[in-house]
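One structure is given here, and the rest of the page talks about it.
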Amino acid sequence: MALKASRNDLASGAIFIAFGAYFALEALRYDFGTPFRMGPGFMPVVLGGILIALGIAVAAKGLGKPDEEAAPPWPLRGIVLVLGTILFFAATIRGLGFIPVVLIAAFATALSSSRNTWLSALIISAGLCVLCLLIFVVGLGMIVPLIGPWLRF
């Protein structure tokens with residue numbers, strides 16, 4: 001008798017449970033405290049427990065339904081662009097400055113979805129750049145050059 005279950009849901013649930021258990025068990029090394037006087041281990045244990053419960057729920061949902069179709073192919077375009085953007089941001093934030101790096105990173109990340117056009121990616125990146133500028137530079141007072149030394153003539 002074959003088990004009728006969604007392999008994707010079971011795998012996702014197992015990953016959630018594994019990560020939640022790892023972080024909760026590692027956090028038990030710290031002082032737990034009480035809900036009114038939380039120690040450094042309190043939140044990681046609670047969040048790890050929530051992640052374990054979420055993993056159990058996802059896996060349980062997958063037990064009732066089999067996979068009906070083959071899994072879609074990996075979105076390599078999105079994976080490469082998003083991971084590349086993270087590396088680009090880390091490598092160039094000091095040299096290019098905040099505004100150019102956020103514009104380029106947001107543009108590349110917006111293009112990682114096949115649903116976005118060049119124009120929509122440009123609008124998204126401009127809006128995100130303004131939002132990040134307001135939040136991090138104006139609101140939080142982050143000290144970062146807006147235009148880096150690589151672009152100064």
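Going through the structure tokens in order, the chains are called A, B, and so on, while each chain numbers its residues from 1 and the ligands are numbered from 1 in the order shown.
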Non-local contacts of Leu103 (chain A) (8 Å; only C-alpha atoms; under 4 positions in same chain excluded) as a PyMOL selection string: chain A and resi 99+107+125-126+128-129
Selection export as a PDB file, in the first residue's frame, atoms kept: N, CA and C atoms:
ATOM      1  N   ILE A  99      22.760  54.996  -2.691  1.00  0.00           N
ATOM      2  CA  ILE A  99      21.747  55.155  -3.740  1.00  0.00           C
ATOM      3  C   ILE A  99      22.018  54.271  -4.957  1.00  0.00           C
ATOM      4  N   PHE A 107      16.745  46.702  -8.823  1.00  0.00           N
ATOM      5  CA  PHE A 107      16.430  46.466 -10.235  1.00  0.00           C
ATOM      6  C   PHE A 107      16.697  45.012 -10.609  1.00  0.00           C
ATOM      7  N   SER A 125      12.484  49.567  -8.446  1.00  0.00           N
ATOM      8  CA  SER A 125      13.787  49.912  -7.871  1.00  0.00           C
ATOM      9  C   SER A 125      13.838  51.371  -7.428  1.00  0.00           C
ATOM     10  N   ALA A 126      13.235  52.271  -8.193  1.00  0.00           N
ATOM     11  CA  ALA A 126      13.221  53.683  -7.792  1.00  0.00           C
ATOM     12  C   ALA A 126      12.406  53.875  -6.511  1.00  0.00           C
ATOM     13  N   LEU A 128      11.731  51.605  -4.213  1.00  0.00           N
ATOM     14  CA  LEU A 128      12.414  50.962  -3.097  1.00  0.00           C
ATOM     15  C   LEU A 128      13.614  51.780  -2.644  1.00  0.00           C
ATOM     16  N   CYS A 129      14.296  52.406  -3.588  1.00  0.00           N
ATOM     17  CA  CYS A 129      15.435  53.257  -3.234  1.00  0.00           C
ATOM     18  C   CYS A 129      14.982  54.446  -2.380  1.00  0.00           C
TER      19      CYS A 129
END
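With distances restricted to only C-alpha atoms, A:Ala11 is the closest residue to Gly62 (chain A) from A:Ala11, A:Ala24, A:Leu133, A:Ala90.
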For the structure I just gave you, how does DSSP split chain A - specifically, which residues are helix (DSSP H, G or I)? Reply as a VMD selection string. chain A and resid 7 to 27 42 to 63 76 to 96 98 to 110 118 to 139 149 to 151
In Å and to one decimal, CA of Val138 (chain A) is distant from CA of Leu111 (chain A) by 27.5 Å
Fewer than 2 positions away in the same chain doesn't count, so skip those; otherwise give me all residues within 8 Å of Gly49 (chain A), counting only C-alpha atoms, as a PyMOL selection string. chain A and resi 20-21+24+45-47+51-53
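Neighbours of Gly33 (chain A) closer than or equal to 12 Å, with only C-alpha atoms counted and sequence neighbours fewer than 5 positions away skipped, come out as Ala27, Leu28, Met38, Gly39, Pro40, Gly41, Phe42, Met43, Val45 and Val46 of chain A.
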Dump of C-alpha atoms for the selected residues, as a short mmCIF file (atom, residue, chain, number, x, y, z; two decimals), in the first residue's frame:
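Produced file part_29.cif, reproduced below:
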data_model
loop_
_atom_site.label_atom_id
_atom_site.label_comp_id
_atom_site.auth_asym_id
_atom_site.auth_seq_id
_atom_site.Cartn_x
_atom_site.Cartn_y
_atom_site.Cartn_z
CA ALA A 27 18.96 28.39 22.51
CA LEU A 28 18.44 26.13 25.53
CA MET A 38 12.99 37.22 29.33
CA GLY A 39 16.46 35.81 29.11
CA PRO A 40 18.53 35.61 25.93
CA GLY A 41 17.23 32.12 25.17
CA PHE A 42 13.53 32.91 25.52
CA MET A 43 12.70 34.22 22.04
CA VAL A 45 13.13 28.81 21.95
CA VAL A 46 9.65 30.24 21.43
#
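Straight-line separation from CA of Ile56 (chain A) to CA of Phe16 (chain A): 8.2 Å.
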Can you pull out the residues contacting Ser113 (chain A)? Cut-off 9 Å, using only C-alpha atoms, and skip same-chain residues under 6 positions away; I want them as an NGL selection string. :A and (75 or 77-78)
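CA of Ala105 (chain A) sits 8.9 Å away from CA of Gly84 (chain A).
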